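Report on one structure; see the data block that follows.
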Amino acid sequence: MRTFVIGCDNAAVRMKDALASLLEEQGMVVENMGCDSPDDPINYPTVASRVCRSIIDSGFEKRGILVCGTGIGMAMTANKFRGIRAAVCHDSFSAERSILSNNANVLCMGERVIGIELAKKIAKEWIRLEYVDGSSTPKIQEICDIESKVMR
């Protein structure tokens, strides 16, 4: 059973709650590391950091879902962590390719950009995908090589 770490800032509490419920309904283990109230003043970089550290500490066994107003700030923060490949996905094709072509381990979405029902559809598809070595493997390795040189 896969574990998903989920987090949000105060701009996406409703979406985070809906996604957490969806994951649990799908039989996934959910670790909530986000805001639980629209009044919570915690900023998205803090939440993204918590989620990424949990994924890294698990030996990358966990995957993450981060939501904020746009998903962009969460992705930018998450991608500062070695081994994290976060993608903003607001459609099914992008979500699919984030796994199948890029072996993403964090899905980012924005509550102010897409509706909750579309986010649930995207997440439901994303959680079922698994990366398989193939033609994208050398490209992903190149990303990892760059990361090793740049992130010290």
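How things are named: the first chain in the structure tokens is A, the next is B, and so on; residues count from 1 in each chain; ligands count from 1 in the order shown.
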
As a VMD selection string, please: all residues of range 51-146 of chain A that backbone DSSP puts in strand (DSSP E). chain A and resid 63 to 68 86 to 88 106 to 110

Sel. of helix (DSSP H, G or I) residues, chain A, as number ranges by chain: A: 13-25, 44-57, 72-78, 92-100, 116-128, 137-150

Nearest residue to Met15 in chain A out of A:Ser54, A:Thr3, A:Ser94, A:Thr70, using only C-alpha atoms? A:Thr70

Selection near range 21-24 of chain A, 8 Å with only C-alpha atoms, sequence-local residues under 6 positions removed, as a list in words: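 My list of contacting residues is Phe4, Val30, Lys120 and Lys124 of chain A.
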
For the selection you just gave me, I'd like the residues written to a file as a tab-separated table (two decimals), in the first residue's frame, keeping C-alpha atoms.
```tsv
chain	number	residue	atom	x	y	z
A	4	PHE	CA	1.07	9.80	-0.03
A	30	VAL	CA	-2.32	9.63	3.71
A	120	LYS	CA	-9.59	14.65	-8.00
A	124	LYS	CA	-6.84	9.53	-9.22
```

Between CA of Val106 in chain A and CA of Val132 in chain A, measure the distance and give it in Å to one decimal.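 CA of Val132 in chain A lies at a distance of 16.7 Å from CA of Val106 in chain A.
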
Would you work out the distance separating CA of Met1 in chain A from CA of Val13 in chain A, expressed in Å to one decimal? 25.0 Å

Taking only residues of range 32-83 of chain A that have an atom at most 12 Å from an atom of range 114-117 of chain A, what is each one's shortest atom pair and its distance in Å to one decimal, using only C-alpha atoms, in chain and number order, as CSV?
```
residue,atom,partner,partner_atom,distance
A:Val67,CA,A:Ile116,CA,10.8
A:Cys68,CA,A:Ile114,CA,11.0
A:Gly69,CA,A:Ile114,CA,9.5
A:Thr70,CA,A:Ile114,CA,8.6
A:Gly71,CA,A:Ile114,CA,10.2
```

Atoms kept (all heavy atoms) for selection, written as a short mmCIF file (atom, residue, chain, number, x, y, z; two decimals), in the first residue's frame:
```cif
data_model
loop_
_atom_site.label_atom_id
_atom_site.label_comp_id
_atom_site.auth_asym_id
_atom_site.auth_seq_id
_atom_site.Cartn_x
_atom_site.Cartn_y
_atom_site.Cartn_z
N VAL A 67 -0.76 21.33 -2.91
CA VAL A 67 -1.71 22.25 -3.52
C VAL A 67 -1.64 23.61 -2.84
O VAL A 67 -1.43 23.70 -1.63
CB VAL A 67 -3.15 21.69 -3.52
CG1 VAL A 67 -3.26 20.50 -4.45
CG2 VAL A 67 -3.61 21.29 -2.13
N CYS A 68 -1.75 24.63 -3.65
CA CYS A 68 -1.80 26.00 -3.16
C CYS A 68 -2.71 26.76 -4.12
O CYS A 68 -3.52 26.14 -4.81
CB CYS A 68 -0.41 26.61 -3.04
SG CYS A 68 0.53 26.73 -4.58
N GLY A 69 -2.57 28.06 -4.20
CA GLY A 69 -3.42 28.82 -5.10
C GLY A 69 -3.22 28.43 -6.55
O GLY A 69 -4.17 28.24 -7.30
N THR A 70 -1.96 28.30 -6.97
CA THR A 70 -1.65 27.96 -8.37
C THR A 70 -0.89 26.65 -8.54
O THR A 70 -0.83 26.12 -9.65
CB THR A 70 -0.79 29.06 -9.02
OG1 THR A 70 0.47 29.12 -8.32
CG2 THR A 70 -1.49 30.41 -8.98
N GLY A 71 -0.25 26.16 -7.50
CA GLY A 71 0.62 24.99 -7.60
C GLY A 71 2.05 25.37 -7.93
O GLY A 71 2.98 24.58 -7.74
#
```

Skipping near chain neighbours, those fewer than 6 positions away, what residues fall within 9 Å of Asn32 in chain A using only C-alpha atoms, listed as a VMD selection string? chain A and resid 4 to 8 16 20 51

Store the residues picked out above in a file with N, CA, C and O atoms, as a PDB file, in the first residue's frame.
```
ATOM      1  N   PHE A   4       1.006   8.487   0.583  1.00  0.00           N
ATOM      2  CA  PHE A   4       1.066   9.800  -0.033  1.00  0.00           C
ATOM      3  C   PHE A   4       1.103  10.851   1.052  1.00  0.00           C
ATOM      4  O   PHE A   4       0.320  10.815   2.000  1.00  0.00           O
ATOM      5  N   VAL A   5       2.039  11.776   0.907  1.00  0.00           N
ATOM      6  CA  VAL A   5       2.157  12.903   1.816  1.00  0.00           C
ATOM      7  C   VAL A   5       1.494  14.073   1.108  1.00  0.00           C
ATOM      8  O   VAL A   5       1.823  14.370  -0.039  1.00  0.00           O
ATOM      9  N   ILE A   6       0.556  14.708   1.781  1.00  0.00           N
ATOM     10  CA  ILE A   6      -0.210  15.771   1.142  1.00  0.00           C
ATOM     11  C   ILE A   6      -0.111  17.042   1.964  1.00  0.00           C
ATOM     12  O   ILE A   6      -0.094  16.987   3.200  1.00  0.00           O
ATOM     13  N   GLY A   7       0.002  18.157   1.270  1.00  0.00           N
ATOM     14  CA  GLY A   7       0.094  19.426   1.971  1.00  0.00           C
ATOM     15  C   GLY A   7      -0.498  20.557   1.164  1.00  0.00           C
ATOM     16  O   GLY A   7      -0.625  20.470  -0.060  1.00  0.00           O
ATOM     17  N   CYS A   8      -0.869  21.614   1.873  1.00  0.00           N
ATOM     18  CA  CYS A   8      -1.432  22.796   1.226  1.00  0.00           C
ATOM     19  C   CYS A   8      -1.131  24.023   2.067  1.00  0.00           C
ATOM     20  O   CYS A   8      -0.773  23.912   3.241  1.00  0.00           O
ATOM     21  N   LYS A  16      -7.145  20.229  -0.700  1.00  0.00           N
ATOM     22  CA  LYS A  16      -6.333  19.242   0.033  1.00  0.00           C
ATOM     23  C   LYS A  16      -7.223  18.237   0.746  1.00  0.00           C
ATOM     24  O   LYS A  16      -6.995  17.030   0.677  1.00  0.00           O
ATOM     25  N   ALA A  20      -7.271  14.300  -0.007  1.00  0.00           N
ATOM     26  CA  ALA A  20      -6.948  13.348   1.063  1.00  0.00           C
ATOM     27  C   ALA A  20      -8.055  12.305   1.188  1.00  0.00           C
ATOM     28  O   ALA A  20      -7.782  11.103   1.317  1.00  0.00           O
ATOM     29  N   VAL A  51       6.692  18.164   3.356  1.00  0.00           N
ATOM     30  CA  VAL A  51       6.309  17.050   2.480  1.00  0.00           C
ATOM     31  C   VAL A  51       7.550  16.440   1.830  1.00  0.00           C
ATOM     32  O   VAL A  51       7.721  15.212   1.823  1.00  0.00           O
TER      33      VAL A  51
END
```

Could you tell me how far CA of Asn43 in chain A lies from CA of Phe81 in chain A, in Å and to one decimal?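 Here the two named atoms are 17.1 Å from each other.
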
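Using only C-alpha atoms, the contacts of Asn10 in chain A at a cut-off of 6 Å, with sequence neighbours closer than 2 positions omitted, comprise Ala12, Val13, Cys35, Pro38 and Asp40 of chain A.
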
Closest pair table for range 50-127 of chain A residues within 12 Å of range 140-146 of chain A, only C-alpha atoms, as CSV:
```
residue,atom,partner,partner_atom,distance
A:Asn79,CA,A:Ile143,CA,11.6
A:Phe81,CA,A:Cys144,CA,11.7
A:Arg82,CA,A:Cys144,CA,8.6
A:Gly83,CA,A:Cys144,CA,7.5
A:Ile84,CA,A:Cys144,CA,9.8
A:Arg85,CA,A:Ile143,CA,9.5
A:Ser98,CA,A:Ile140,CA,11.2
A:Ile99,CA,A:Ile140,CA,11.0
A:Leu100,CA,A:Ile140,CA,10.8
A:Ser101,CA,A:Ile140,CA,8.2
A:Asn102,CA,A:Ile140,CA,6.2
A:Asn103,CA,A:Ile140,CA,7.5
A:Ala104,CA,A:Ile140,CA,9.8
```

Dump as an mmCIF file, in the first residue's frame, selection limited to N, CA and C atoms:
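Result file is result-v5.cif:
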```cif
data_model
loop_
_atom_site.group_PDB
_atom_site.id
_atom_site.type_symbol
_atom_site.label_atom_id
_atom_site.label_comp_id
_atom_site.auth_asym_id
_atom_site.auth_seq_id
_atom_site.Cartn_x
_atom_site.Cartn_y
_atom_site.Cartn_z
ATOM 1 N N ASN A 79 11.105 21.513 -5.800
ATOM 2 C CA ASN A 79 12.213 21.194 -6.698
ATOM 3 C C ASN A 79 13.569 21.686 -6.197
ATOM 4 N N PHE A 81 14.717 20.447 -3.481
ATOM 5 C CA PHE A 81 15.176 19.297 -2.700
ATOM 6 C C PHE A 81 15.726 18.228 -3.630
ATOM 7 N N ARG A 82 16.917 17.763 -3.301
ATOM 8 C CA ARG A 82 17.573 16.726 -4.097
ATOM 9 C C ARG A 82 16.686 15.480 -4.173
ATOM 10 N N GLY A 83 16.459 15.019 -5.395
ATOM 11 C CA GLY A 83 15.679 13.808 -5.616
ATOM 12 C C GLY A 83 14.191 14.045 -5.793
ATOM 13 N N ILE A 84 13.759 15.254 -5.556
ATOM 14 C CA ILE A 84 12.344 15.566 -5.747
ATOM 15 C C ILE A 84 12.148 16.071 -7.167
ATOM 16 N N ARG A 85 11.155 15.499 -7.824
ATOM 17 C CA ARG A 85 10.761 15.944 -9.155
ATOM 18 C C ARG A 85 9.273 16.285 -9.076
ATOM 19 N N SER A 98 4.072 13.398 -16.470
ATOM 20 C CA SER A 98 4.958 13.689 -15.337
ATOM 21 C C SER A 98 5.515 12.409 -14.731
ATOM 22 N N ILE A 99 4.722 11.353 -14.766
ATOM 23 C CA ILE A 99 5.194 10.046 -14.267
ATOM 24 C C ILE A 99 5.891 9.272 -15.384
ATOM 25 N N LEU A 100 5.209 9.054 -16.479
ATOM 26 C CA LEU A 100 5.708 8.145 -17.506
ATOM 27 C C LEU A 100 6.946 8.671 -18.234
ATOM 28 N N SER A 101 7.084 9.994 -18.368
ATOM 29 C CA SER A 101 8.252 10.555 -19.056
ATOM 30 C C SER A 101 9.278 11.153 -18.108
ATOM 31 N N ASN A 102 8.866 11.525 -16.897
ATOM 32 C CA ASN A 102 9.757 12.263 -16.011
ATOM 33 C C ASN A 102 9.900 11.676 -14.613
ATOM 34 N N ASN A 103 9.190 10.590 -14.335
ATOM 35 C CA ASN A 103 9.270 9.921 -13.031
ATOM 36 C C ASN A 103 9.072 10.909 -11.871
ATOM 37 N N ALA A 104 8.057 11.765 -12.014
ATOM 38 C CA ALA A 104 7.750 12.731 -10.955
ATOM 39 C C ALA A 104 7.335 12.004 -9.681
#
```
